[in-house]
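Undergrad: Dropping the structure in here first, questions after.
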Amino acid sequence: MFLETVGFAAASAALLLLYYIAKWYITLSRYNLPPGPLCLPLLGSLLTVRFTAFQRQHYDNAKKYGNVVRRQIGPVQTIQLNDPRIIKEAFSRDVLLPRPILWPIHQRNRVNRGATGVVFADGEMWKEHRRFILQTFRDFGVGKFRMEEKIVAEAGALVTFLKAQEGRPLETKVPLSISVANVIASVLTGARYGMDDPQLRLLLQYTKENFEFTMKKIILIVMPWLQHVPPIRQTYRRFMEILHGLNAFFSRPMKEHLENFVPDRNSDFLESYISAVKSGQYSTLSTTEIPLLLEDLFEAGFETTTTTLRWALLMMALHPDIQRRVQSELDRHVNAANGEFATPSEKLATPYAEATLMEVHLYASVVPMGVDHCAREDIQIEGYDVPKGSIVQVNIYFVHHIDAWWEEPERFRPERFLIVGQGQTSEYLMPFGLGKRRCLGEALARAELFILFCGIVQRFDIRLPEGVASADIDLTPTSGITADTQPHRLCFIPRL
Ligand code: HEM
């Protein structure tokens with residue numbers, strides 16, 4: 001009897017599996033999907049995913065399979081676009097405006113009482129919030145003098161900190177993160193944090209973990225039910241702990257602002273948002289959205305900018321000739337000895353510094369695969385079918401490293417962006433993405449990068465520690481939503 005039951009269960013499971021595989025093949029055969037790596041029923045291309053040098057893997061796929069590549073992860077179709085013309089055309093279509101709402105985003109929204117934030121919002125919710133954020137950032141002087149003053153103050157504090165190290169080797173991650181975090185925090189909530197603030201350090205840790213890719217995280221996305229099974233259970237618990245920690249962190253300024261609200265004062269973004277909610281002029285703005293909205297803007301704004309700055313300073317240590325040229329250009333135009341900082345209004349006079357930052361965007365490509373989009377309907381791209389619900393990604397790293405478009409793309413060479421002494425933009429350089437969902441913090445990021453980078457390079461000779469040669473530095477980017485440098489230390493020797 002027992003054997004009969006086991007036999008029946010095994011036969012049923014085998015039949016179910018056969019049915020699933022047949023259905024899988026029939027469904028897929030309806031589509032003319034783009035080429036891509038080996039794809040198996042249930043797992044998709046999961047076996048081909050590597051968790052180191054992950055952008056290199058997408059680069060290799062682009063070289064092997066062409067301009068449009070498909071990689072299925074479990075049941076999720078992902079489509080990578082590898083050609084600037086195709087990317088531009090695809091991202092001008094409203095059908096690709098949504099973001100994929102996978103399991104981690106459902107959890108995030110649930111922990112935030114049904115809020116959606118802005119990065120993963122859709123429809124009127126996204127449109128109204130995006131418009132409101134851009135307008136309010138403009139009102140706070142983002143891209144203008146008022147905002148620059150705040151960044152200069154932060155750059156001054158960072159320079160004082162670096163001087164106090166007296167040239168000793170320093171891991172730059174935390175000090176740079178805190179300066180960048182202070183800029184965005186001052187815009188959002190008016191807060192400022194000290195170098196050792198434990199709350200901010202915890203927030204930095206949460207963000208770092210949130211941005212990293214690991215096999216266990218991918219498995220959780222594909223098979224969320226494994227959250228109950230060790231060892232995936234630990235990853236799930238940590239993920240939920242981080243979501244609750246972030247919600248608690250960003251709920252605090254909300255409570256304080258609501259308690260101390262003064263109508264029409266609008267002293268920071270949060271106060272403006274509360275004023276807008278109270279005005280009743282907006283249909284989707286609501287206090288429920290506040291913690292997640294702050295989290296979105298903070299996370300999107302600070303990890304990306306810090307990482308870009310870290311690459312920029314590392315590149316200066318590795319290329320002393322380029323560093324000297326940036327310094328002498330700045331010395332001719334900016335009186336740092338008098339406490340002056342280069343600001344974006346100096347960009348025209350300092351094209352080499354600006355070209356160096358553009359080269360950092362190209363070289364480091366800190367958001368290598370952009371932020372995922374999702375097809376609202378079945379569509380076609382370059383004659384291939386992209387089924388409704390597919391994730392569509394821009395392979396920014398590939399676009400930035402293909403030798404057909406860039407001469408010697410692996411060599412750090414700011415000169416490529418100089419044309420008769422002026423910084424030149426290129427349609428192939430797209431660190432902030434493109435289309436209607438293009439980065440909405442671009443103006444803030446560009447101002448921060450210019451002021452902090454020029455402020456540091458003009459005041460310090462940046463070197464590798466004694467006994468460390470350029471060849472010892474591992475330039476493999478980390479694998480995650482952002483591509484950071486490997487841990488390293490730099491010496492900041494005062495020049496003034
Ligand atoms: C060097 C710094 C930065 C880089 C490289 C960067 C890059 C990007 C990229 C590639 C996207 C995706 C665009 C798309 O979906 O097609 C994006 C979106 C976004 N970024 Fe940035 N970003 C940076 C700084 C910032 C800052 C300072 C903020 C601050 C507020 C910010 C806020 C956002 C938001 C809210 C979105 C989502 C926009 C939407 O969904 O409508 N970013 N960013």
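Ordering of the structure tokens sets the chain letters (A, B, ...), residue numbers begin anew at 1 in every chain, and ligands are numbered from 1 in the order given.
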Using only C-alpha atoms and all ligand atoms, determine which residues fall within 7 Å of ligand 1, then list them as a VMD selection string.
TA: chain A and resid 118 to 120 126 130 184 296 to 298 300 to 302 304 to 305 308 366 to 367 370 to 373 431 to 435 437 to 442 444 to 446
Undergrad: Kindly provide the residues of stretch 354-428 of chain A that approach stretch 28-40 of chain A to within 9 Å, each paired with its closest atom pair and their distance in Å to one decimal, based on only C-alpha atoms, listed by chain and increasing number, as CSV.
TA:
```
residue,atom,partner,partner_atom,distance
A:Gly383,CA,A:Asn32,CA,8.2
A:Tyr384,CA,A:Leu33,CA,5.5
A:Asp385,CA,A:Leu33,CA,5.2
A:Val386,CA,A:Leu33,CA,6.7
A:Pro387,CA,A:Tyr31,CA,7.7
```
Undergrad: Residues within 9 Å of stretch 67-81 of chain A, please, as an mmCIF file with C-alpha atoms, in the first residue's frame. Count only C-alpha atoms; anything in the same chain fewer than 2 positions from it doesn't count.
TA:
```
data_model
loop_
_atom_site.group_PDB
_atom_site.id
_atom_site.type_symbol
_atom_site.label_atom_id
_atom_site.label_comp_id
_atom_site.auth_asym_id
_atom_site.auth_seq_id
_atom_site.Cartn_x
_atom_site.Cartn_y
_atom_site.Cartn_z
ATOM 1 C CA LEU A 33 12.633 35.778 -28.774
ATOM 2 C CA PRO A 34 16.080 37.372 -29.004
ATOM 3 C CA PRO A 35 19.110 35.064 -28.820
ATOM 4 C CA GLY A 36 20.830 34.438 -25.501
ATOM 5 C CA PRO A 37 22.606 31.940 -23.264
ATOM 6 C CA LEU A 38 21.366 28.404 -22.516
ATOM 7 C CA CYS A 39 17.825 28.488 -21.135
ATOM 8 C CA LEU A 40 16.285 25.490 -19.296
ATOM 9 C CA PRO A 41 12.723 24.899 -18.097
ATOM 10 C CA LEU A 42 12.152 26.097 -14.482
ATOM 11 C CA LEU A 43 15.683 27.523 -14.091
ATOM 12 C CA GLY A 44 15.937 29.570 -17.274
ATOM 13 C CA SER A 45 19.551 30.773 -17.644
ATOM 14 C CA LEU A 46 20.178 30.739 -13.896
ATOM 15 C CA VAL A 49 24.769 33.604 -13.991
ATOM 16 C CA HIS A 58 26.668 41.065 -19.917
ATOM 17 C CA ASN A 61 26.774 38.170 -23.975
ATOM 18 C CA ALA A 62 26.429 41.360 -26.057
ATOM 19 C CA LYS A 63 29.550 40.465 -28.050
ATOM 20 C CA TYR A 65 24.585 37.367 -29.216
ATOM 21 C CA ASP A 83 23.057 49.504 -28.972
ATOM 22 C CA PRO A 84 22.560 53.256 -28.332
ATOM 23 C CA ILE A 86 18.010 50.788 -30.244
ATOM 24 C CA ILE A 87 18.072 51.941 -26.615
ATOM 25 C CA ALA A 90 12.947 51.695 -27.187
ATOM 26 C CA ILE A 218 18.321 35.993 -6.868
ATOM 27 C CA ILE A 219 17.008 32.614 -5.680
ATOM 28 C CA ILE A 221 13.323 36.557 -6.253
ATOM 29 C CA VAL A 222 12.767 33.487 -8.425
ATOM 30 C CA MET A 223 11.442 31.199 -5.665
ATOM 31 C CA MET A 369 22.736 47.861 -16.286
ATOM 32 C CA CYS A 374 9.290 46.419 -17.765
ATOM 33 C CA ILE A 381 12.274 45.443 -30.520
ATOM 34 C CA GLU A 382 14.434 45.106 -33.648
ATOM 35 C CA TYR A 384 12.241 40.330 -31.812
ATOM 36 C CA VAL A 386 9.434 41.057 -26.054
ATOM 37 C CA PRO A 387 6.531 39.473 -24.124
ATOM 38 C CA GLY A 389 6.067 41.601 -18.248
ATOM 39 C CA SER A 390 9.646 41.132 -19.553
ATOM 40 C CA ILE A 391 12.352 43.108 -17.769
ATOM 41 C CA VAL A 392 14.151 45.408 -20.216
ATOM 42 C CA GLN A 393 17.645 46.601 -19.305
ATOM 43 C CA VAL A 394 20.081 49.096 -20.825
ATOM 44 C CA ASN A 395 23.575 47.653 -20.991
ATOM 45 C CA ILE A 396 25.262 50.949 -20.086
#
```
Undergrad: Which of these, A:Gln380, A:Gln458, A:Thr476, A:Ser251, has the shortest distance to A:Val111 once you count only C-alpha atoms?
TA: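 Result for the nearest residue to A:Val111: A:Ser251.
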Undergrad: If you run DSSP over the backbone, which residues in stretch 157-360 of chain A end up alpha helix (DSSP H)? Put them as a ChimeraX atom specification.
TA: /A:157-164,173-188,198-211,215-222,232-259,269-279,290-318,320-333,351-360
Undergrad: Restricting the output to C-alpha atoms, write the selected residues as a CSV table (one decimal), in the first residue's frame.
TA:
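Wrote out09.csv, looks like this:
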```csv
chain,number,residue,atom,x,y,z
A,157,ALA,CA,34.3,69.7,6.0
A,158,LEU,CA,35.6,66.8,4.0
A,159,VAL,CA,38.9,68.7,3.2
A,160,THR,CA,39.3,69.4,6.9
A,161,PHE,CA,38.8,65.7,7.7
A,162,LEU,CA,41.3,64.7,5.0
A,163,LYS,CA,43.9,67.2,6.2
A,164,ALA,CA,43.6,65.8,9.7
A,173,LYS,CA,34.3,54.8,1.4
A,174,VAL,CA,32.9,56.1,4.7
A,175,PRO,CA,34.2,59.7,4.6
A,176,LEU,CA,33.0,60.2,1.0
A,177,SER,CA,29.7,58.5,1.7
A,178,ILE,CA,29.1,60.8,4.7
A,179,SER,CA,29.8,64.0,2.7
A,180,VAL,CA,27.5,62.9,-0.1
A,181,ALA,CA,24.8,61.7,2.3
A,182,ASN,CA,24.9,65.1,4.1
A,183,VAL,CA,24.3,66.9,0.8
A,184,ILE,CA,21.2,64.9,-0.1
A,185,ALA,CA,20.0,64.8,3.6
A,186,SER,CA,20.2,68.6,3.8
A,187,VAL,CA,18.0,68.9,0.7
A,188,LEU,CA,15.5,66.3,1.8
A,198,PRO,CA,26.0,55.6,14.4
A,199,GLN,CA,22.5,56.0,12.8
A,200,LEU,CA,24.0,57.2,9.5
A,201,ARG,CA,26.6,54.4,9.6
A,202,LEU,CA,23.8,51.9,10.0
A,203,LEU,CA,22.0,53.5,7.0
A,204,LEU,CA,25.2,53.2,4.9
A,205,GLN,CA,25.5,49.6,5.8
A,206,TYR,CA,21.8,48.9,4.9
A,207,THR,CA,22.2,50.6,1.5
A,208,LYS,CA,25.4,48.8,0.7
A,209,GLU,CA,23.7,45.4,1.4
A,210,ASN,CA,20.6,46.4,-0.5
A,211,PHE,CA,22.7,47.2,-3.6
A,215,MET,CA,23.0,34.1,-5.5
A,216,LYS,CA,20.7,33.8,-2.4
A,217,LYS,CA,18.9,37.1,-3.3
A,218,ILE,CA,18.3,36.0,-6.9
A,219,ILE,CA,17.0,32.6,-5.7
A,220,LEU,CA,14.6,34.5,-3.4
A,221,ILE,CA,13.3,36.6,-6.3
A,222,VAL,CA,12.8,33.5,-8.4
A,232,ILE,CA,17.8,31.1,2.3
A,233,ARG,CA,15.8,31.9,5.4
A,234,GLN,CA,18.7,33.9,6.9
A,235,THR,CA,19.0,36.0,3.8
A,236,TYR,CA,15.2,36.7,3.9
A,237,ARG,CA,15.3,37.6,7.6
A,238,ARG,CA,18.2,40.1,7.0
A,239,PHE,CA,16.4,41.5,4.0
A,240,MET,CA,13.3,42.2,6.1
A,241,GLU,CA,15.4,43.6,9.0
A,242,ILE,CA,16.9,46.1,6.5
A,243,LEU,CA,13.5,47.1,5.1
A,244,HIS,CA,12.1,47.7,8.6
A,245,GLY,CA,15.3,49.5,9.6
A,246,LEU,CA,15.1,51.8,6.6
A,247,ASN,CA,11.4,52.5,7.3
A,248,ALA,CA,12.2,53.4,11.0
A,249,PHE,CA,15.1,55.7,9.9
A,250,PHE,CA,13.0,57.7,7.5
A,251,SER,CA,9.8,57.7,9.6
A,252,ARG,CA,11.7,59.8,12.3
A,253,PRO,CA,12.1,63.0,10.2
A,254,MET,CA,8.5,62.6,9.0
A,255,LYS,CA,7.2,62.6,12.6
A,256,GLU,CA,9.4,65.6,13.5
A,257,HIS,CA,8.4,67.5,10.5
A,258,LEU,CA,4.7,66.8,11.0
A,259,GLU,CA,4.9,67.9,14.6
A,269,PHE,CA,12.0,69.0,0.5
A,270,LEU,CA,10.0,67.2,3.2
A,271,GLU,CA,8.4,70.4,4.5
A,272,SER,CA,7.4,71.3,0.9
A,273,TYR,CA,6.0,67.8,0.4
A,274,ILE,CA,3.9,68.1,3.6
A,275,SER,CA,2.7,71.6,2.4
A,276,ALA,CA,1.7,70.1,-0.9
A,277,VAL,CA,-0.2,67.2,0.7
A,278,LYS,CA,-2.1,69.7,3.0
A,279,SER,CA,-2.9,72.0,0.0
A,290,ILE,CA,6.9,59.9,2.9
A,291,PRO,CA,9.3,57.3,4.4
A,292,LEU,CA,9.6,55.3,1.2
A,293,LEU,CA,10.0,58.4,-0.9
A,294,LEU,CA,12.8,59.7,1.3
A,295,GLU,CA,14.4,56.3,1.2
A,296,ASP,CA,14.2,56.2,-2.6
A,297,LEU,CA,15.7,59.6,-3.1
A,298,PHE,CA,18.4,59.0,-0.5
A,299,GLU,CA,19.4,55.6,-1.7
A,300,ALA,CA,19.3,56.5,-5.4
A,301,GLY,CA,21.2,59.7,-4.8
A,302,PHE,CA,24.0,58.8,-2.4
A,303,GLU,CA,25.4,55.4,-3.3
A,304,THR,CA,25.7,56.3,-7.0
A,305,THR,CA,27.4,59.6,-6.4
A,306,THR,CA,29.8,58.3,-3.7
A,307,THR,CA,30.8,55.4,-6.0
A,308,THR,CA,31.6,57.7,-8.9
A,309,LEU,CA,33.7,60.0,-6.6
A,310,ARG,CA,35.6,57.0,-5.3
A,311,TRP,CA,36.5,55.9,-8.8
A,312,ALA,CA,37.5,59.4,-9.7
A,313,LEU,CA,40.0,59.7,-6.8
A,314,LEU,CA,41.4,56.2,-7.4
A,315,MET,CA,41.9,57.1,-11.1
A,316,MET,CA,43.9,60.2,-10.0
A,317,ALA,CA,46.2,58.1,-7.8
A,318,LEU,CA,46.7,55.7,-10.7
A,320,PRO,CA,49.5,61.2,-11.7
A,321,ASP,CA,50.0,62.9,-15.0
A,322,ILE,CA,46.3,63.4,-15.4
A,323,GLN,CA,46.0,64.5,-11.8
A,324,ARG,CA,48.8,67.1,-12.3
A,325,ARG,CA,47.0,68.5,-15.4
A,326,VAL,CA,43.7,68.8,-13.5
A,327,GLN,CA,45.5,70.5,-10.7
A,328,SER,CA,47.3,73.0,-12.8
A,329,GLU,CA,44.1,73.9,-14.8
A,330,LEU,CA,42.3,74.5,-11.5
A,331,ASP,CA,45.2,76.5,-10.0
A,332,ARG,CA,45.0,78.9,-13.0
A,333,HIS,CA,41.3,79.6,-12.4
A,351,PRO,CA,37.4,71.7,-19.5
A,352,TYR,CA,40.0,69.2,-18.6
A,353,ALA,CA,38.5,68.7,-15.1
A,354,GLU,CA,35.1,68.3,-16.6
A,355,ALA,CA,36.5,65.9,-19.3
A,356,THR,CA,38.1,63.8,-16.5
A,357,LEU,CA,34.7,63.4,-14.7
A,358,MET,CA,33.1,62.4,-18.0
A,359,GLU,CA,35.9,59.8,-18.5
A,360,VAL,CA,35.1,58.5,-15.0
```
Undergrad: Report the distance between atom CA of A:Ile379 and atom CA of A:Phe213 in Å, rounded to one decimal place.
TA: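 These two atoms are separated by 28.7 Å.
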Undergrad: Please, what distance in Å, to one decimal, runs between atom CA of A:Ile402 and atom CA of A:Ile473?
TA: 23.4 Å
Undergrad: Taking the backbone alone, and naming residues the way the document does, which bits of stretch 364-461 of chain A are strand (DSSP E) by DSSP, as an NGL selection string?
TA: :A and (373-374 or 379-381 or 384-386 or 391-394 or 418-419 or 422-423 or 460-461)
Undergrad: Could you take the residues named above and write them with C-alpha atoms, as a PDB file, in the first residue's frame?
TA:
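Ended up saving to part.pdb:
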```pdb
ATOM      1  CA  HIS A 373      12.172  48.743 -16.956  1.00  0.00           C
ATOM      2  CA  CYS A 374       9.290  46.419 -17.765  1.00  0.00           C
ATOM      3  CA  ILE A 379       6.054  44.544 -28.003  1.00  0.00           C
ATOM      4  CA  GLN A 380       8.713  44.137 -30.668  1.00  0.00           C
ATOM      5  CA  ILE A 381      12.274  45.443 -30.520  1.00  0.00           C
ATOM      6  CA  TYR A 384      12.241  40.330 -31.812  1.00  0.00           C
ATOM      7  CA  ASP A 385       9.246  39.703 -29.565  1.00  0.00           C
ATOM      8  CA  VAL A 386       9.434  41.057 -26.054  1.00  0.00           C
ATOM      9  CA  ILE A 391      12.352  43.108 -17.769  1.00  0.00           C
ATOM     10  CA  VAL A 392      14.151  45.408 -20.216  1.00  0.00           C
ATOM     11  CA  GLN A 393      17.645  46.601 -19.305  1.00  0.00           C
ATOM     12  CA  VAL A 394      20.081  49.096 -20.825  1.00  0.00           C
ATOM     13  CA  LEU A 418      38.188  67.415 -25.365  1.00  0.00           C
ATOM     14  CA  ILE A 419      37.522  69.109 -28.659  1.00  0.00           C
ATOM     15  CA  GLN A 422      35.999  72.393 -24.734  1.00  0.00           C
ATOM     16  CA  GLY A 423      34.377  69.482 -22.929  1.00  0.00           C
ATOM     17  CA  PHE A 460      45.808  67.294  -2.157  1.00  0.00           C
ATOM     18  CA  ASP A 461      48.256  65.140  -4.046  1.00  0.00           C
TER      19      ASP A 461
END
```
Undergrad: Any idea what the distance is between atom CA of A:Pro104 and atom CA of A:Phe54?
TA: 20.4 Å
Undergrad: Would you mind telling me which residue in A:Asp484, A:Glu407, A:Glu148, A:Glu415 lies nearest to A:Pro344 when using only C-alpha atoms?
TA: A:Glu148
